[in-house]
file entry.cif (mmCIF, C-alpha atoms)
data_final
#
loop_
_atom_site.label_atom_id
_atom_site.label_comp_id
_atom_site.auth_asym_id
_atom_site.auth_seq_id
_atom_site.Cartn_x
_atom_site.Cartn_y
_atom_site.Cartn_z
CA MET J 1 101.93 89.51 60.63
CA LYS J 2 99.91 86.80 62.37
CA THR J 3 100.58 84.15 59.74
CA ARG J 4 104.27 85.02 59.60
CA VAL J 5 104.77 84.71 63.35
CA LEU J 6 102.74 81.51 63.65
CA ILE J 7 104.41 79.73 60.76
CA ALA J 8 107.90 80.92 61.69
CA THR J 9 107.55 79.76 65.27
CA ALA J 10 106.20 76.35 64.30
CA LEU J 11 108.83 75.74 61.64
CA MET J 12 111.70 76.87 63.81
CA LEU J 13 110.73 74.47 66.56
CA SER J 14 110.04 71.60 64.21
CA ALA J 15 113.51 71.85 62.68
CA GLY J 16 115.63 68.95 63.88
CA ALA J 17 112.79 67.25 65.77
CA THR J 18 113.39 63.66 66.75
CA ALA J 19 111.20 60.78 65.62
CA ARG J 20 110.27 59.43 69.06
CA ALA J 21 106.63 60.40 68.87
CA ASP J 22 103.90 58.01 67.77
CA GLY J 23 100.15 58.02 68.09
CA ASN J 24 100.31 57.97 71.89
CA TRP J 25 103.53 59.85 72.62
CA ARG J 26 104.63 63.46 72.27
CA THR J 27 108.19 64.75 72.32
CA ASP J 28 109.31 67.80 74.27
CA LYS J 29 109.49 69.70 70.99
CA ASP J 30 105.86 68.80 70.26
CA VAL J 31 104.80 70.28 73.60
CA ALA J 32 107.00 73.37 73.21
CA ARG J 33 105.73 73.94 69.66
CA ASP J 34 102.10 73.89 70.82
CA ILE J 35 102.83 76.32 73.66
CA ALA J 36 104.78 78.61 71.32
CA ARG J 37 102.00 78.54 68.73
CA ARG J 38 99.56 79.78 71.36
CA GLY J 39 102.07 82.40 72.46
CA ALA J 40 102.35 83.60 68.87
CA GLU J 41 98.57 84.04 68.73
CA TYR J 42 98.67 86.14 71.91
CA PHE J 43 101.57 88.14 70.46
CA ASP J 44 99.63 88.99 67.31
CA GLU J 45 96.62 89.96 69.43
CA GLY J 46 98.75 92.35 71.48
CA ASP J 47 98.38 90.33 74.68
CA TRP J 48 102.03 90.79 75.52
CA GLU J 49 102.06 89.27 79.02
CA ARG J 50 100.42 86.03 77.96
CA ALA J 51 102.67 85.87 74.92
CA ARG J 52 105.74 86.36 77.12
CA GLU J 53 104.58 83.68 79.54
CA HIS J 54 103.99 81.12 76.76
CA PHE J 55 107.31 81.77 75.02
CA HIS J 56 109.08 81.55 78.38
CA ARG J 57 107.43 78.21 79.17
CA ALA J 58 108.30 76.87 75.73
CA TYR J 59 111.92 78.00 76.14
CA ASP J 60 112.14 76.15 79.46
CA ILE J 61 111.35 72.98 77.51
CA VAL J 62 113.45 73.63 74.40
CA LYS J 63 116.33 76.13 74.60
CA ALA J 64 115.65 77.59 71.17
CA PRO J 65 116.86 81.15 70.45
CA THR J 66 113.71 81.68 68.40
CA LEU J 67 111.63 81.37 71.56
CA ALA J 68 113.89 83.62 73.64
CA LEU J 69 113.77 86.21 70.85
CA MET J 70 109.96 86.30 70.89
CA GLU J 71 109.88 86.48 74.70
CA ALA J 72 112.30 89.42 74.61
CA ARG J 73 110.14 91.23 72.05
CA ALA J 74 107.09 90.76 74.26
CA LEU J 75 109.02 92.17 77.24
CA VAL J 76 109.93 95.24 75.21
CA GLN J 77 106.25 95.78 74.41
CA LEU J 78 105.52 95.53 78.14
CA GLY J 79 108.12 98.19 78.90
CA ARG J 80 110.26 95.75 80.88
CA LEU J 81 113.44 96.75 79.10
CA ALA J 82 115.98 95.55 81.67
CA GLU J 83 114.46 92.08 81.67
CA ALA J 84 114.34 92.12 77.89
CA THR J 85 118.11 92.66 77.67
CA ASP J 86 118.71 89.51 79.75
CA VAL J 87 116.41 87.44 77.54
CA TYR J 88 117.90 88.90 74.35
CA ALA J 89 121.31 87.76 75.64
CA LYS J 90 119.99 84.19 75.80
CA ALA J 91 118.64 84.49 72.27
CA THR J 92 122.04 85.51 70.89
CA VAL J 93 123.35 81.98 71.47
CA ALA J 94 122.51 79.51 68.69
CA ASN J 95 123.24 76.10 70.19
CA ASP J 96 122.82 74.40 66.82
CA GLU J 97 124.89 76.28 64.24
CA SER J 98 123.56 74.02 61.49
CA ASN J 99 120.01 75.24 62.16
CA GLU J 100 119.42 78.24 59.87
CA PRO J 101 116.34 79.58 61.76
CA TYR J 102 118.33 79.44 65.01
CA ARG J 103 121.25 81.34 63.47
CA ARG J 104 118.90 83.94 62.00
CA ALA J 105 117.13 84.41 65.33
CA ALA J 106 120.46 84.80 67.15
CA SER J 107 121.55 87.42 64.60
CA GLU J 108 118.30 89.36 64.98
CA ALA J 109 118.61 89.16 68.77
CA ARG J 110 122.09 90.72 68.65
CA GLU J 111 120.87 93.56 66.44
CA GLU J 112 117.81 94.28 68.59
CA LEU J 113 119.84 94.05 71.81
CA GLU J 114 122.31 96.60 70.48
CA ALA J 115 119.45 98.96 69.59
CA LEU J 116 117.70 98.43 72.95
CA SER J 117 120.68 98.89 75.29
CA PRO J 118 120.78 102.74 75.14
CA ARG J 119 117.09 102.84 76.08
CA VAL J 120 117.54 100.90 79.34
CA PRO J 121 117.72 103.20 82.40
CA SER J 122 120.18 102.53 85.20
CA ILE J 123 120.83 103.47 88.83
CA ARG J 124 124.30 103.90 90.31
CA VAL J 125 124.59 104.14 94.08
CA VAL J 126 127.43 106.28 95.43
CA PHE J 127 128.52 105.29 98.94
CA PRO J 128 130.15 107.58 101.53
CA ASP J 129 133.87 107.03 102.13
CA ASN J 130 133.93 107.85 105.84
CA GLU J 131 131.62 105.16 107.23
CA PRO J 132 130.98 101.40 106.88
CA ARG J 133 129.11 100.52 103.74
CA PRO J 134 125.37 100.17 104.45
CA LEU J 135 123.13 97.44 103.08
CA VAL J 136 121.36 98.86 100.03
CA LYS J 137 118.46 97.28 98.19
CA ILE J 138 116.84 98.36 94.94
CA ASP J 139 113.21 97.24 94.75
CA GLY J 140 113.96 94.70 97.47
CA TYR J 141 117.01 93.16 95.75
CA PRO J 142 120.38 93.60 97.53
CA LEU J 143 122.88 95.73 95.64
CA VAL J 144 126.17 93.96 94.92
CA GLY J 145 129.17 96.11 94.03
CA SER J 146 129.09 99.69 92.82
CA THR J 147 128.38 99.24 89.12
CA PRO J 148 125.22 100.75 87.62
CA VAL J 149 122.14 98.53 87.87
CA ALA J 150 119.87 98.28 84.83
CA VAL J 151 116.21 98.80 85.72
CA ASN J 152 112.91 99.13 83.90
CA PRO J 153 111.48 102.60 83.23
CA GLY J 154 109.29 103.70 86.13
CA THR J 155 109.55 104.30 89.86
CA HIS J 156 112.03 102.36 91.98
CA VAL J 157 112.56 102.28 95.75
CA ILE J 158 116.06 102.30 97.26
CA THR J 159 116.32 101.25 100.91
CA ILE J 160 119.37 101.85 103.10
CA ALA J 161 119.97 99.83 106.27
CA ARG J 162 122.73 100.69 108.78
CA SER J 163 123.62 98.95 112.02
CA GLY J 164 121.88 100.62 114.94
CA VAL J 165 120.00 103.08 112.71
CA PRO J 166 116.40 102.78 111.47
CA GLU J 167 116.03 101.97 107.80
CA SER J 168 115.72 104.91 105.39
CA TRP J 169 114.44 104.96 101.84
CA GLN J 170 114.41 106.97 98.65
CA SER J 171 112.32 106.56 95.52
CA VAL J 172 113.32 107.69 92.06
CA THR J 173 111.43 107.73 88.77
CA LEU J 174 113.37 107.11 85.56
CA GLY J 175 112.39 107.29 81.92
CA GLU J 176 113.95 105.43 79.01
CA GLY J 177 117.67 106.04 78.76
CA ASP J 178 117.97 107.85 82.12
CA GLN J 179 121.16 107.19 84.08
CA ARG J 180 120.82 108.28 87.67
CA ALA J 181 123.45 108.47 90.41
CA VAL J 182 122.03 108.26 93.93
CA THR J 183 124.33 109.42 96.73
CA ILE J 184 124.00 107.83 100.16
CA GLU J 185 124.31 110.57 102.77
CA THR J 186 126.57 110.18 105.79
CA VAL J 187 124.67 109.67 109.04
CA LEU J 188 126.24 111.34 112.09
CA VAL J 189 126.11 109.66 115.48
CA ASP J 190 123.86 112.30 117.08
CA GLN J 191 121.64 112.29 113.97
CA ALA J 192 121.35 108.51 114.21
CA GLY J 193 120.38 108.79 117.86
CA ALA J 194 117.72 111.36 117.05
CA ASN J 195 116.37 109.28 114.20
CA SER J 196 116.19 106.14 116.33
CA SER J 197 113.52 107.73 118.50
CA ARG J 198 111.22 108.21 115.53
CA SER J 199 109.91 104.77 114.79
CA LEU J 200 107.03 104.21 112.44
CA SER J 201 103.86 102.55 113.62
CA PRO J 202 103.40 98.93 112.53
CA LEU J 203 99.84 99.97 111.72
CA MET J 204 101.17 102.19 108.92
CA TRP J 205 103.09 99.32 107.32
CA THR J 206 100.05 97.09 107.69
CA ALA J 207 97.91 99.70 105.92
CA PHE J 208 100.41 100.05 103.09
CA GLY J 209 100.68 96.27 102.82
CA VAL J 210 96.93 95.84 102.63
CA GLY J 211 96.74 98.67 100.10
CA GLY J 212 99.44 97.15 97.93
CA ALA J 213 97.83 93.73 98.06
CA GLY J 214 94.46 95.24 97.18
CA LEU J 215 95.84 97.09 94.17
CA ALA J 216 97.69 94.00 92.98
CA THR J 217 94.48 92.00 93.29
CA GLY J 218 92.55 94.66 91.40
CA ILE J 219 95.09 94.76 88.57
CA VAL J 220 95.36 90.99 88.16
CA THR J 221 91.64 90.26 88.37
CA GLY J 222 90.88 93.28 86.20
CA ALA J 223 93.10 91.83 83.50
CA LEU J 224 91.32 88.50 83.80
CA ALA J 225 87.94 90.23 83.53
CA LEU J 226 89.04 92.13 80.43
CA GLY J 227 90.18 88.87 78.86
CA LYS J 228 86.79 87.28 79.50
CA LYS J 229 85.01 90.39 78.20
CA ALA J 230 87.01 90.28 74.97
CA THR J 231 85.95 86.67 74.47
CA LEU J 232 82.30 87.53 75.09
CA ASP J 233 82.42 90.58 72.82
CA GLN J 234 83.62 88.42 69.96
CA ALA J 235 81.06 85.67 70.48
CA CYS J 236 77.99 87.62 71.56
CA ASP J 237 75.65 89.84 69.59
CA GLY J 238 75.00 92.63 72.06
CA PRO J 239 73.44 91.26 75.26
CA ALA J 240 72.51 87.99 73.53
CA CYS J 241 75.12 85.23 73.80
CA PRO J 242 75.02 81.77 72.27
CA PRO J 243 74.64 78.71 74.52
CA GLY J 244 77.77 77.39 76.15
CA LEU J 245 79.17 80.75 77.29
CA GLU J 246 77.50 80.77 80.70
CA ASP J 247 80.76 79.94 82.45
CA ASP J 248 82.57 82.78 80.67
CA MET J 249 79.83 85.25 81.63
CA ARG J 250 79.91 84.08 85.23
CA ASP J 251 83.70 84.31 85.35
CA TYR J 252 83.63 87.80 83.82
CA ARG J 253 81.17 89.10 86.45
CA ARG J 254 83.12 87.45 89.28
CA TRP J 255 86.53 88.82 88.22
CA ARG J 256 85.04 92.27 87.59
CA THR J 257 83.57 92.37 91.09
CA VAL J 258 86.77 91.14 92.71
CA SER J 259 88.77 93.74 90.76
CA ILE J 260 86.55 96.61 91.91
CA VAL J 261 86.75 95.45 95.52
CA GLY J 262 90.53 95.08 95.21
CA TYR J 263 90.94 98.65 93.95
CA LEU J 264 88.73 100.00 96.75
CA VAL J 265 90.64 98.11 99.42
CA GLY J 266 93.95 99.18 97.86
CA ALA J 267 92.97 102.85 97.77
CA ALA J 268 91.74 102.74 101.35
CA GLY J 269 94.88 100.99 102.60
CA ILE J 270 97.28 103.37 100.90
CA ALA J 271 95.26 106.41 101.97
CA GLY J 272 95.27 105.14 105.56
CA GLY J 273 99.00 104.54 105.51
CA ALA J 274 99.63 107.99 104.04
CA VAL J 275 97.54 109.63 106.77
CA ILE J 276 99.48 107.78 109.48
CA LEU J 277 102.78 108.73 107.84
CA ALA J 278 101.76 112.38 107.53
CA THR J 279 100.68 112.64 111.17
CA LYS J 280 103.54 110.61 112.62
CA HIS J 281 106.33 113.12 112.08
CA PRO J 282 106.32 116.75 113.19
CA SER J 283 107.08 119.39 110.61
CA GLY J 284 110.71 119.45 109.52
CA SER J 285 111.67 115.99 110.79
CA GLY J 286 112.00 112.58 109.26
CA THR J 287 110.19 112.54 105.95
CA ARG J 288 111.39 114.72 103.10
CA VAL J 289 109.84 115.20 99.68
CA ARG J 290 111.52 116.92 96.79
CA ALA J 291 110.96 117.19 93.04
CA THR J 292 113.63 117.87 90.44
CA VAL J 293 113.95 118.12 86.69
CA SER J 294 117.14 116.65 85.22
CA TYR J 295 118.68 116.95 81.78
CA GLY J 296 117.60 113.38 81.04
CA GLY J 297 113.95 114.31 81.54
CA PRO J 298 111.54 114.98 84.43
CA SER J 299 112.09 113.01 87.58
CA VAL J 300 110.47 112.85 90.98
CA PHE J 301 112.29 111.89 94.18
CA LEU J 302 110.65 110.88 97.44
CA GLU J 303 112.93 110.46 100.40
CA GLY J 304 112.38 109.33 103.97
CA ALA J 305 114.51 108.73 107.00
CA PHE J 306 113.02 107.40 110.20
#

call {"tool": "encode", "arguments": {"input": "entry.cif", "output": "structure tokens"}}
result
Amino acid sequence: MKTRVLIATALMLSAGATARADGNWRTDKDVARDIARRGAEYFDEGDWERAREHFHRAYDIVKAPTLALMEARALVQLGRLAEATDVYAKATVANDESNEPYRRAASEAREELEALSPRVPSIRVVFPDNEPRPLVKIDGYPLVGSTPVAVNPGTHVITIARSGVPESWQSVTLGEGDQRAVTIETVLVDQAGANSSRSLSPLMWTAFGVGGAGLATGIVTGALALGKKATLDQACDGPACPPGLEDDMRDYRRWRTVSIVGYLVGAAGIAGGAVILATKHPSGSGTRVRATVSYGGPSVFLEGAF
């Protein structure tokens, strides 16, 4: 597998290369080929995120469907199916029809895209007919139109903003292939007035923000620490490491420490925000939590209106 991916990527990029390079110059295809070769190594090692990043960078330099195809495959391995469909769509276009590897990659991209499409979950927002359309965002991105929105499997947050009414939110968890319709409830005038008096403390949002930042820091630095540890495990014999790896050992300890601290800060921040949220609203008002099981699989909804 490793040899096949490495050789295929290098040959596909080298096809049709220009002869501008000499001993001191490198063409764009030279640079893209080197980046793609490294991405292929990460792909074979199962380091999907680094593989995706390298293929994406190489594609930015040379718009080769072979590169987009490999990036899409890495995204599928990461579970980012909605993003993979967009990248597969790029790979289906072979700009150079005379290039056999490009045509083959475009054909494979069309086949894999067709097989992937039913697995991509989607959210369709249903708006009320008797009031102005509110501003709706899914994971922070404004919703345009009423067509279903393809999303990755996992939990997504839908926020609803109306003029003169505090923002409300709803979270929904989808598995592969789930198609969920989310209905926006009508807000009556007296209900809006009652809700407007229940504002959330800025301290709660600060706690959640700090918690989210801490968890993100823990995840990112934890991944970096694991990468360093893998390098050390390969080069070292138990606790004994050959000379020249001092920097890697120091980096591993530093990233591990930062990751642990990040997780602790994240847990504390989220716990603090949850406590504030739980004590802010009296029983029966504002925040609602419900769990359901749908025919498409188990799902969990969290709703709030403030």

call {"tool": "atom_distance", "arguments": {"input": "entry.cif", "atom1": "CA of Ala84 (chain J)", "atom2": "CA of Gln170 (chain J)"}}
result
25.5 Å

call {"tool": "resolve_selection", "arguments": {"input": "entry.cif", "expression": "the PyMOL selection byres ((chain J and resi 272) around 10)", "output": "ChimeraX atom specification"}}
result
/J:203-208,210-211,266-271,273-278

call {"tool": "closest_residue", "arguments": {"input": "entry.cif", "among": "J:Thr186, J:Gln77, J:Asn95, J:Thr257", "to": "Trp48 (chain J)", "atoms": "only C-alpha atoms"}}
result
J:Gln77

call {"tool": "closest_residue", "arguments": {"input": "entry.cif", "among": "J:Pro134, J:Pro121, J:Gly212, J:Pro101", "to": "Pro166 (chain J)", "atoms": "only C-alpha atoms"}}
result
J:Pro134

call {"tool": "atom_distance", "arguments": {"input": "entry.cif", "atom1": "CA of Arg37 (chain J)", "atom2": "CA of Ile219 (chain J)"}}
result
26.5 Å

call {"tool": "resolve_selection", "arguments": {"input": "entry.cif", "expression": "the PyMOL selection byres ((chain J and resi 35) around 12)", "output": "VMD selection string"}}
result
chain J and resid 6 9 to 10 13 28 to 34 36 to 42 50 to 62 67

call {"tool": "resolve_selection", "arguments": {"input": "entry.cif", "expression": "the PyMOL selection byres ((chain J and resi 182) around 9)", "output": "list in words"}}
result
Ile123, Arg124, Val125, Val126, Phe127, Val172, Arg180, Ala181, Thr183 and Ile184 of chain J

call {"tool": "closest_residue", "arguments": {"input": "entry.cif", "among": "J:Leu224, J:Leu113, J:Ala216, J:Leu81", "to": "Pro153 (chain J)", "atoms": "only C-alpha atoms"}}
result
J:Leu81
